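What follows is the content of input.txt, which has compact mmCIF, C-alpha atoms (C1' of nucleotides):
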```
# COMPACT_ATOMS: atom_id res chain seq x y z
CA MET H 1 0.00 0.00 0.00
CA SER H 2 1.51 3.29 -1.10
CA LYS H 3 1.81 6.23 1.27
CA GLU H 4 -0.52 8.06 -1.08
CA ARG H 5 -3.13 5.40 -0.85
CA ARG H 6 -2.77 5.19 2.91
CA LYS H 7 -3.34 8.90 3.21
CA ARG H 8 -6.47 8.77 1.12
CA LEU H 9 -7.78 5.90 3.19
CA GLU H 10 -7.15 7.71 6.46
CA GLN H 11 -8.79 10.80 5.10
CA ALA H 12 -11.82 8.76 4.15
CA LEU H 13 -12.02 7.34 7.64
CA ARG H 14 -11.83 10.79 9.17
CA GLY H 15 -14.55 11.91 6.83
CA ALA H 16 -16.72 9.13 8.21
CA GLY H 17 -16.12 10.41 11.72
CA VAL H 18 -13.60 7.72 12.53
CA ARG H 19 -10.50 8.97 14.27
CA VAL H 20 -7.18 7.75 13.01
CA THR H 21 -5.43 7.09 16.26
CA ARG H 22 -1.93 5.77 16.74
CA GLN H 23 -3.38 2.33 17.44
CA ARG H 24 -5.60 2.29 14.39
CA ALA H 25 -2.84 3.46 12.11
CA ALA H 26 -0.64 0.70 13.46
CA LEU H 27 -3.30 -1.92 12.82
CA LEU H 28 -3.94 -0.65 9.33
CA GLY H 29 -0.26 -1.05 8.69
CA VAL H 30 -0.13 -4.57 10.09
CA ILE H 31 -3.15 -5.64 8.09
CA ALA H 32 -1.88 -4.09 4.89
CA ALA H 33 1.43 -5.86 5.36
CA ALA H 34 -0.14 -9.25 6.04
CA SER H 35 -0.29 -11.67 3.16
CA ASP H 36 -1.99 -14.28 5.29
CA HIS H 37 -5.24 -14.19 7.27
CA PRO H 38 -4.41 -13.49 10.93
CA ASP H 39 -6.81 -13.56 13.86
CA ALA H 40 -7.16 -10.80 16.47
CA ALA H 41 -4.53 -12.23 18.81
CA GLU H 42 -2.03 -12.53 15.99
CA LEU H 43 -2.69 -9.00 14.77
CA HIS H 44 -2.24 -7.79 18.31
CA ALA H 45 1.06 -9.62 18.60
CA ARG H 46 2.30 -8.16 15.32
CA ALA H 47 1.27 -4.63 16.25
CA VAL H 48 3.04 -4.93 19.57
CA ALA H 49 6.09 -6.45 17.90
CA ALA H 50 6.09 -3.45 15.57
CA GLY H 51 6.43 -1.21 18.56
CA ALA H 52 2.86 0.00 18.82
CA GLY H 53 1.33 0.00 22.27
CA VAL H 54 -2.11 -1.47 21.73
CA SER H 55 -4.36 -3.51 23.95
CA LEU H 56 -6.16 -6.59 22.75
CA ALA H 57 -9.50 -5.00 23.54
CA THR H 58 -8.67 -2.12 21.26
CA VAL H 59 -7.63 -4.51 18.54
CA TYR H 60 -11.07 -6.08 18.69
CA ARG H 61 -12.81 -2.73 18.73
CA THR H 62 -10.73 -1.46 15.86
CA LEU H 63 -11.35 -4.52 13.76
CA THR H 64 -15.07 -4.08 14.22
CA THR H 65 -14.81 -0.42 13.31
CA LEU H 66 -12.72 -1.02 10.23
CA GLN H 67 -15.08 -3.74 9.11
CA ALA H 68 -18.04 -1.39 9.50
CA GLN H 69 -16.15 1.03 7.24
CA GLY H 70 -15.65 -1.69 4.69
CA VAL H 71 -11.89 -1.49 5.02
CA ILE H 72 -11.40 -5.09 6.13
CA ASP H 73 -13.32 -8.36 5.96
CA LYS H 74 -13.99 -10.83 8.72
CA LEU H 75 -13.56 -14.53 7.97
CA GLU H 76 -15.18 -17.05 10.25
CA PHE H 77 -14.02 -20.54 9.46
CA GLN H 78 -15.33 -23.61 11.20
CA GLY H 79 -14.90 -23.15 14.92
CA GLU H 80 -11.60 -21.31 14.92
CA PRO H 81 -11.20 -17.69 16.03
CA ALA H 82 -12.21 -15.14 13.40
CA ARG H 83 -9.55 -14.12 10.91
CA TRP H 84 -9.24 -10.86 9.03
CA GLU H 85 -8.05 -9.62 5.69
CA ALA H 86 -7.78 -6.29 3.90
CA ALA H 87 -10.96 -5.71 1.93
CA ASP H 88 -10.13 -6.40 -1.66
CA GLU H 89 -11.56 -4.51 -4.57
CA ALA H 90 -12.95 -7.74 -5.88
CA HIS H 91 -14.94 -10.22 -3.89
CA HIS H 92 -13.43 -13.65 -3.56
CA ASP H 93 -14.14 -16.94 -1.85
CA HIS H 94 -11.87 -19.18 0.19
CA MET H 95 -10.45 -22.63 -0.07
CA ILE H 96 -8.98 -24.05 3.13
CA ASP H 97 -6.29 -26.72 2.87
CA LEU H 98 -7.17 -29.04 5.74
CA ASP H 99 -3.65 -30.39 6.00
CA SER H 100 -1.62 -27.22 5.97
CA GLY H 101 -4.26 -24.78 7.20
CA ALA H 102 -3.44 -22.54 4.25
CA VAL H 103 -6.19 -20.29 2.97
CA ILE H 104 -6.36 -19.89 -0.78
CA GLU H 105 -8.45 -17.20 -2.38
CA PHE H 106 -10.33 -17.67 -5.60
CA THR H 107 -13.18 -16.23 -7.63
CA ASP H 108 -15.46 -17.65 -10.21
CA ASP H 109 -18.05 -15.57 -11.97
CA ARG H 110 -20.07 -18.60 -12.91
CA ILE H 111 -20.63 -19.45 -9.26
CA GLU H 112 -21.46 -15.87 -8.39
CA ARG H 113 -24.01 -15.77 -11.18
CA LEU H 114 -25.57 -19.07 -10.22
CA GLN H 115 -25.98 -17.96 -6.64
CA ALA H 116 -27.79 -14.81 -7.63
CA GLU H 117 -29.94 -16.82 -9.98
CA ILE H 118 -30.91 -19.37 -7.36
CA ALA H 119 -31.78 -16.70 -4.82
CA ALA H 120 -33.81 -14.81 -7.39
CA GLU H 121 -35.78 -17.93 -8.29
CA MET H 122 -36.88 -18.16 -4.68
CA GLY H 123 -37.77 -14.48 -4.46
CA TYR H 124 -34.67 -13.30 -2.67
CA GLU H 125 -31.72 -11.10 -3.34
CA ILE H 126 -28.32 -11.85 -1.90
CA VAL H 127 -26.97 -9.44 0.69
CA HIS H 128 -23.75 -11.33 1.10
CA HIS H 129 -22.64 -14.90 0.96
CA ARG H 130 -20.02 -17.27 2.13
CA LEU H 131 -18.47 -20.06 0.15
CA GLU H 132 -15.72 -22.13 1.68
CA LEU H 133 -14.18 -25.23 0.19
CA TYR H 134 -12.39 -27.43 2.70
CA VAL H 135 -9.92 -29.30 0.55
CA ARG H 136 -6.99 -31.65 0.45
CA LYS H 137 -4.30 -32.00 -2.21
CA SER H 138 -5.36 -34.46 -4.89
CA ARG H 139 -3.48 -37.70 -4.94
CA GLY H 140 -0.99 -37.23 -7.68
CA MET F 1 -38.99 -41.34 10.90
CA SER F 2 -40.57 -44.77 11.14
CA LYS F 3 -40.09 -47.01 14.13
CA GLU F 4 -38.37 -49.42 11.74
CA ARG F 5 -35.92 -46.83 10.59
CA ARG F 6 -35.28 -45.73 14.15
CA LYS F 7 -34.45 -49.28 15.17
CA ARG F 8 -32.03 -49.70 12.32
CA LEU F 9 -30.35 -46.44 13.21
CA GLU F 10 -29.95 -47.40 16.85
CA GLN F 11 -28.60 -50.77 15.85
CA ALA F 12 -26.07 -49.07 13.64
CA LEU F 13 -24.96 -46.86 16.50
CA ARG F 14 -24.55 -49.87 18.78
CA GLY F 15 -22.56 -51.57 16.09
CA ALA F 16 -20.22 -48.58 16.13
CA GLY F 17 -19.74 -48.97 19.87
CA VAL F 18 -22.06 -46.11 20.71
CA ARG F 19 -24.51 -46.85 23.49
CA VAL F 20 -28.09 -45.89 22.94
CA THR F 21 -28.91 -44.34 26.30
CA ARG F 22 -32.18 -42.83 27.40
CA GLN F 23 -30.75 -39.37 26.81
CA ARG F 24 -29.48 -40.14 23.33
CA ALA F 25 -32.71 -41.77 22.28
CA ALA F 26 -34.57 -38.69 23.48
CA LEU F 27 -32.32 -36.39 21.50
CA LEU F 28 -32.63 -38.48 18.38
CA GLY F 29 -36.37 -38.13 18.75
CA VAL F 30 -36.24 -34.38 19.21
CA ILE F 31 -33.94 -33.92 16.23
CA ALA F 32 -36.00 -36.18 14.00
CA ALA F 33 -39.13 -34.25 14.95
CA ALA F 34 -37.56 -30.84 14.31
CA SER F 35 -38.35 -29.22 11.01
CA ASP F 36 -36.21 -26.22 11.87
CA HIS F 37 -32.54 -25.89 12.79
CA PRO F 38 -32.25 -25.65 16.60
CA ASP F 39 -29.14 -24.94 18.61
CA ALA F 40 -27.95 -26.98 21.59
CA ALA F 41 -29.86 -24.95 24.17
CA GLU F 42 -33.08 -25.27 22.20
CA LEU F 43 -32.64 -29.02 21.73
CA HIS F 44 -32.01 -29.31 25.44
CA ALA F 45 -35.17 -27.36 26.21
CA ARG F 46 -37.22 -29.54 23.87
CA ALA F 47 -35.83 -32.76 25.29
CA VAL F 48 -36.59 -31.61 28.82
CA ALA F 49 -40.05 -30.47 27.77
CA ALA F 50 -40.58 -33.93 26.34
CA GLY F 51 -39.97 -35.36 29.77
CA ALA F 52 -36.42 -36.58 29.29
CA GLY F 53 -33.97 -35.79 32.05
CA VAL F 54 -30.89 -34.60 30.21
CA SER F 55 -28.19 -32.12 31.12
CA LEU F 56 -26.95 -29.49 28.73
CA ALA F 57 -23.45 -30.93 28.91
CA THR F 58 -24.79 -34.25 27.73
CA VAL F 59 -26.65 -32.58 24.90
CA TYR F 60 -23.37 -31.13 23.70
CA ARG F 61 -21.56 -34.43 24.06
CA THR F 62 -24.31 -36.30 22.29
CA LEU F 63 -24.44 -33.87 19.42
CA THR F 64 -20.72 -34.30 18.90
CA THR F 65 -21.09 -38.05 19.02
CA LEU F 66 -23.99 -38.18 16.60
CA GLN F 67 -22.15 -35.89 14.24
CA ALA F 68 -19.13 -38.16 14.32
CA GLN F 69 -21.46 -41.00 13.37
CA GLY F 70 -22.79 -38.98 10.48
CA VAL F 71 -26.29 -38.97 11.92
CA ILE F 72 -26.58 -35.21 12.20
CA ASP F 73 -24.93 -32.16 10.69
CA LYS F 74 -23.60 -29.09 12.44
CA LEU F 75 -24.37 -25.68 11.00
CA GLU F 76 -22.25 -22.73 12.02
CA PHE F 77 -23.72 -19.49 10.78
CA GLN F 78 -22.06 -16.14 11.27
CA GLY F 79 -21.44 -15.66 14.94
CA GLU F 80 -24.51 -17.33 16.35
CA PRO F 81 -24.44 -20.56 18.37
CA ALA F 82 -24.15 -23.70 16.25
CA ARG F 83 -27.35 -25.23 14.95
CA TRP F 84 -28.07 -28.83 14.10
CA GLU F 85 -30.11 -30.81 11.63
CA ALA F 86 -30.74 -34.46 10.88
CA ALA F 87 -28.25 -35.62 8.27
CA ASP F 88 -30.08 -35.78 5.03
CA GLU F 89 -29.47 -38.34 2.32
CA ALA F 90 -28.70 -35.54 -0.06
CA HIS F 91 -26.33 -32.71 0.62
CA HIS F 92 -27.84 -29.26 0.57
CA ASP F 93 -26.79 -25.68 1.16
CA HIS F 94 -28.44 -22.93 3.16
CA MET F 95 -29.99 -19.58 2.53
CA ILE F 96 -30.51 -17.39 5.57
CA ASP F 97 -33.25 -14.77 5.51
CA LEU F 98 -31.66 -11.87 7.34
CA ASP F 99 -34.98 -10.35 8.31
CA SER F 100 -36.82 -13.37 9.63
CA GLY F 101 -33.86 -15.55 10.56
CA ALA F 102 -35.42 -18.38 8.59
CA VAL F 103 -33.10 -20.98 7.14
CA ILE F 104 -34.01 -22.27 3.72
CA GLU F 105 -32.39 -25.35 2.26
CA PHE F 106 -31.54 -25.73 -1.38
CA THR F 107 -29.38 -27.71 -3.74
CA ASP F 108 -28.00 -27.03 -7.13
CA ASP F 109 -25.97 -29.54 -9.05
CA ARG F 110 -24.42 -26.89 -11.23
CA ILE F 111 -22.86 -25.24 -8.22
CA GLU F 112 -21.67 -28.52 -6.80
CA ARG F 113 -20.05 -29.39 -10.11
CA LEU F 114 -18.41 -26.01 -10.47
CA GLN F 115 -16.93 -26.24 -7.01
CA ALA F 116 -15.36 -29.60 -7.70
CA GLU F 117 -14.07 -28.29 -11.00
CA ILE F 118 -12.48 -25.22 -9.47
CA ALA F 119 -10.80 -27.22 -6.74
CA ALA F 120 -9.53 -29.75 -9.26
CA GLU F 121 -8.04 -27.02 -11.41
CA MET F 122 -5.94 -25.96 -8.45
CA GLY F 123 -4.89 -29.49 -7.64
CA TYR F 124 -7.27 -30.12 -4.77
CA GLU F 125 -10.20 -32.31 -3.99
CA ILE F 126 -13.06 -31.12 -1.84
CA VAL F 127 -13.51 -32.80 1.52
CA HIS F 128 -16.52 -30.75 2.40
CA HIS F 129 -17.76 -27.30 1.74
CA ARG F 130 -20.02 -24.63 3.02
CA LEU F 131 -22.18 -22.32 0.99
CA GLU F 132 -24.44 -19.85 2.72
CA LEU F 133 -26.43 -17.13 1.07
CA TYR F 134 -27.49 -14.34 3.39
CA VAL F 135 -30.55 -12.93 1.70
CA ARG F 136 -33.46 -10.56 1.89
CA LYS F 137 -36.82 -10.77 0.13
CA SER F 138 -36.68 -9.04 -3.24
CA ARG F 139 -38.61 -5.83 -3.50
CA GLY F 140 -41.74 -6.94 -5.20
C1' DT M 1 -26.86 -61.79 35.74
C1' DG M 2 -22.13 -59.34 36.34
C1' DA M 3 -18.49 -56.79 35.00
C1' DC M 4 -16.84 -52.68 33.19
C1' DA M 5 -16.15 -49.60 29.40
C1' DG M 6 -18.88 -46.00 28.00
C1' DT M 7 -22.06 -42.20 29.89
C1' DT M 8 -24.00 -38.86 32.73
C1' DG M 9 -24.42 -34.72 35.81
C1' DC M 10 -22.61 -31.35 38.15
C1' DG M 11 -20.02 -27.35 38.52
C1' DA M 12 -15.74 -25.41 37.40
C1' DA M 13 -12.67 -24.19 33.46
C1' DT M 14 -11.88 -22.42 28.83
C1' DG M 15 -11.36 -19.31 24.98
C1' DA M 16 -12.92 -15.83 22.18
C1' DT M 17 -14.98 -11.71 22.45
C1' DT M 18 -17.32 -7.75 24.71
C1' DC M 19 -18.23 -4.21 28.35
C1' DG M 20 -17.93 -0.59 32.09
C1' DC M 21 -15.68 3.10 33.39
C1' DA M 22 -12.10 6.33 34.43
C1' DT M 23 -8.46 8.40 31.78
C1' DA M 24 -6.18 9.91 27.63
C1' DT M 25 -6.27 11.72 22.90
C1' DC M 26 -7.71 13.14 18.24
C1' DC M 27 -8.92 17.06 15.32
C1' DA M 28 -12.41 20.67 13.75
C1' DT M 29 -12.67 25.09 15.25
C1' DG M 30 -11.24 29.49 16.74
C1' DC J 1 -1.29 26.43 17.48
C1' DA J 2 -4.19 26.02 21.67
C1' DT J 3 -8.50 23.89 23.28
C1' DG J 4 -12.96 21.67 23.98
C1' DG J 5 -15.36 17.83 23.93
C1' DA J 6 -16.71 13.97 21.53
C1' DT J 7 -14.11 9.63 20.64
C1' DA J 8 -10.83 6.17 21.90
C1' DT J 9 -8.11 3.54 24.97
C1' DG J 10 -6.72 0.34 28.72
C1' DC J 11 -7.69 -2.37 32.29
C1' DG J 12 -9.96 -6.01 34.34
C1' DA J 13 -14.31 -7.99 34.99
C1' DA J 14 -18.25 -10.06 32.55
C1' DT J 15 -20.46 -12.91 28.78
C1' DC J 16 -21.52 -16.79 26.02
C1' DA J 17 -21.06 -21.00 23.95
C1' DT J 18 -18.81 -24.92 24.70
C1' DT J 19 -15.74 -28.28 27.06
C1' DC J 20 -13.72 -30.80 31.05
C1' DG J 21 -12.75 -33.32 35.48
C1' DC J 22 -14.40 -36.57 38.21
C1' DA J 23 -17.31 -39.46 40.93
C1' DA J 24 -21.57 -41.89 40.40
C1' DC J 25 -24.38 -44.55 37.03
C1' DT J 26 -25.95 -47.89 33.30
C1' DG J 27 -26.14 -50.10 28.60
C1' DT J 28 -24.14 -54.33 26.57
C1' DC J 29 -22.34 -58.54 25.70
C1' DA J 30 -20.50 -62.66 27.38
```

Would you mind writing the file's structure down as structure tokens?
Amino acid sequence: MSKERRKRLEQALRGAGVRVTRQRAALLGVIAAASDHPDAAELHARAVAAGAGVSLATVYRTLTTLQAQGVIDKLEFQGEPARWEAADEAHHDHMIDLDSGAVIEFTDDRIERLQAEIAAEMGYEIVHHRLELYVRKSRG
Amino acid sequence: MSKERRKRLEQALRGAGVRVTRQRAALLGVIAAASDHPDAAELHARAVAAGAGVSLATVYRTLTTLQAQGVIDKLEFQGEPARWEAADEAHHDHMIDLDSGAVIEFTDDRIERLQAEIAAEMGYEIVHHRLELYVRKSRG
DNA sequence: TGACAGTTGCGAATGATTCGCATATCCATG
DNA sequence: CATGGATATGCGAATCATTCGCAACTGTCA
């Protein structure tokens, strides 16, 4: 994330009445830098490791706030603590490798279309959805 | 569920080394009778209302056991307590009406096929998956 | 029928997340 | 660039769903 982009983002938050505090800036940085999908405790650890004094409670509150602003997404996989990721321009779904725990992102327009179609057939419109594939490497 | 079917099911459980206790039989009954998707507390309440003495802890343990036997399925929707349903012959996905909280079941072979296809393309095979559509009635 | 591994009930423990409240801090405004 | 006052923060206590420890039972199968 460029400094330019960061500035614009922070300005947008301010515009929405959300203060950009030291703690929030630190978390934005940690999340932007993450290429994986960390949970609250992990984000807290990284922020602290980066020298930011932040409490776990504030991490939780900030995550909720940033999610409400559409800046990050919350991932709730089967029974484990919630994980977070920077909100991407494009929506994507997740594939979870059961052996390694790795989370792989993917998109498929055909599936997106089908979902909308199915909902429409039953008189509904989709507000949001969740598609998770729990997978294992194919025997080669 | 016929008495015949019930007997076969209980026999199968015994065969797997799972005792069919008073409490478990009661829960099987409650789950079979449910047309909705109750959580553990609700199942406990119904079992108690039906005259079965069961503790909540046992309800939890039994649900886990029955799930391991493939008799019931666990549903974990966004942030609410887990819900349960009798394992159906056929797999199905869920649509959650955000206004009423109603859970609607549906299946679509095209989606199932696409999922398998996508996973295969990336060198994986699906162990299980989860597709939830959070919806709202279309403006009519 | 008897033995005993599998179950139950209870209450205490857990783990993730949230809350209350007193204190500290952003930042639009002057 | 100082300041007010709404917003945030930190701390520990509180919640909520779920799990556990352990002593007392009870299906099952021989």

Within 8 Å of chain H, which residues belong to chain J? Use all atoms listed in the file and report them as a PyMOL selection string.
chain J and resi 7-10

As a PyMOL selection string, could you give me every residue of chain M near chain F (at most 8 Å apart, counting all atoms listed in the file)?
chain M and resi 6+8-9

Interatomic distance between CA of Asp108 (chain H) and CA of Arg130 (chain H)?
13.2 Å

May I have the residues at most 12 Å from (-33.1, -25.0, 25.8) in the file's coordinates, counting all atoms listed in the file, as an mmCIF file with C-alpha atoms, in the coordinates of the input?
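See part-v6.cif below for the written result:
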```cif
data_model
loop_
_atom_site.group_PDB
_atom_site.id
_atom_site.type_symbol
_atom_site.label_atom_id
_atom_site.label_comp_id
_atom_site.auth_asym_id
_atom_site.auth_seq_id
_atom_site.Cartn_x
_atom_site.Cartn_y
_atom_site.Cartn_z
ATOM 1 C CA VAL F 30 -36.240 -34.380 19.210
ATOM 2 C CA PRO F 38 -32.250 -25.650 16.600
ATOM 3 C CA ASP F 39 -29.140 -24.940 18.610
ATOM 4 C CA ALA F 40 -27.950 -26.980 21.590
ATOM 5 C CA ALA F 41 -29.860 -24.950 24.170
ATOM 6 C CA GLU F 42 -33.080 -25.270 22.200
ATOM 7 C CA LEU F 43 -32.640 -29.020 21.730
ATOM 8 C CA HIS F 44 -32.010 -29.310 25.440
ATOM 9 C CA ALA F 45 -35.170 -27.360 26.210
ATOM 10 C CA ARG F 46 -37.220 -29.540 23.870
ATOM 11 C CA ALA F 47 -35.830 -32.760 25.290
ATOM 12 C CA VAL F 48 -36.590 -31.610 28.820
ATOM 13 C CA ALA F 49 -40.050 -30.470 27.770
ATOM 14 C CA ALA F 50 -40.580 -33.930 26.340
ATOM 15 C CA VAL F 54 -30.890 -34.600 30.210
ATOM 16 C CA SER F 55 -28.190 -32.120 31.120
ATOM 17 C CA LEU F 56 -26.950 -29.490 28.730
ATOM 18 C CA ALA F 57 -23.450 -30.930 28.910
ATOM 19 C CA VAL F 59 -26.650 -32.580 24.900
ATOM 20 C CA TYR F 60 -23.370 -31.130 23.700
#
```

Per residue of chain H within 9 Å of chain F, which atom pair is closest and at what distance in Å (one decimal), using only C-alpha atoms, listed by chain and increasing number, as CSV?
```
residue,atom,partner,partner_atom,distance
H:Glu76,CA,F:Gln78,CA,7.0
H:Phe77,CA,F:Glu76,CA,8.9
H:Gln78,CA,F:Glu76,CA,7.0
H:Gly79,CA,F:Glu76,CA,7.9
H:Met95,CA,F:Ala119,CA,8.1
H:Asp97,CA,F:Tyr124,CA,8.4
H:Leu98,CA,F:Val127,CA,8.5
H:Phe106,CA,F:Ile118,CA,8.8
H:Asp108,CA,F:Ile118,CA,8.2
H:Arg110,CA,F:Leu114,CA,8.0
H:Ile111,CA,F:Ile111,CA,6.3
H:Leu114,CA,F:Ile111,CA,7.0
H:Gln115,CA,F:Leu133,CA,7.8
H:Ile118,CA,F:Asp108,CA,8.2
H:Ala119,CA,F:Val135,CA,7.6
H:Ala120,CA,F:Ser138,CA,7.7
H:Met122,CA,F:Lys137,CA,8.8
H:Gly123,CA,F:Ser138,CA,5.7
H:Tyr124,CA,F:Lys137,CA,4.3
H:Glu125,CA,F:Ser138,CA,5.4
H:Ile126,CA,F:Val135,CA,4.4
H:Val127,CA,F:Val135,CA,5.1
H:His128,CA,F:Tyr134,CA,5.3
H:His129,CA,F:Leu133,CA,4.4
H:Arg130,CA,F:Glu132,CA,5.2
H:Leu131,CA,F:Leu131,CA,4.4
H:Glu132,CA,F:Arg130,CA,5.2
H:Leu133,CA,F:His129,CA,4.4
H:Tyr134,CA,F:His128,CA,5.3
H:Val135,CA,F:Ile126,CA,4.3
H:Arg136,CA,F:Tyr124,CA,5.4
H:Lys137,CA,F:Tyr124,CA,4.3
H:Ser138,CA,F:Tyr124,CA,4.7
H:Arg139,CA,F:Tyr124,CA,8.5
H:Gly140,CA,F:Gly123,CA,8.7
```

Point-to-point distance in Å for CA of Glu4 (chain F) and CA of Leu27 (chain F):
17.4 Å

For region 11-19 of chain J, take all atoms listed in the file, fit an axis-aligned box around them, add 4 Å to each of the six sides, then output centre and edge lengths in Å rounded to one decimal, as lines of an AutoDock Vina configuration file.
```
center_x = -14.6
center_y = -15.3
center_z = 29.5
size_x = 21.8
size_y = 33.9
size_z = 19.0
```

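In this structure, CA of Glu105 (chain H) sits 26.3 Å away from C1' of DT17 (chain M).
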
Using all atoms listed in the file, which residues sit within 12 Å of Ser35 (chain H) once same-chain residues fewer than 2 positions away are excluded, as a PyMOL selection string?
chain H and resi 29-33+37-38+84-86+102-105

Which of these residues is nearest to DT1 (chain M), using all atoms listed in the file: J:DA23, J:DC29, J:DG4, J:DT15?
J:DC29
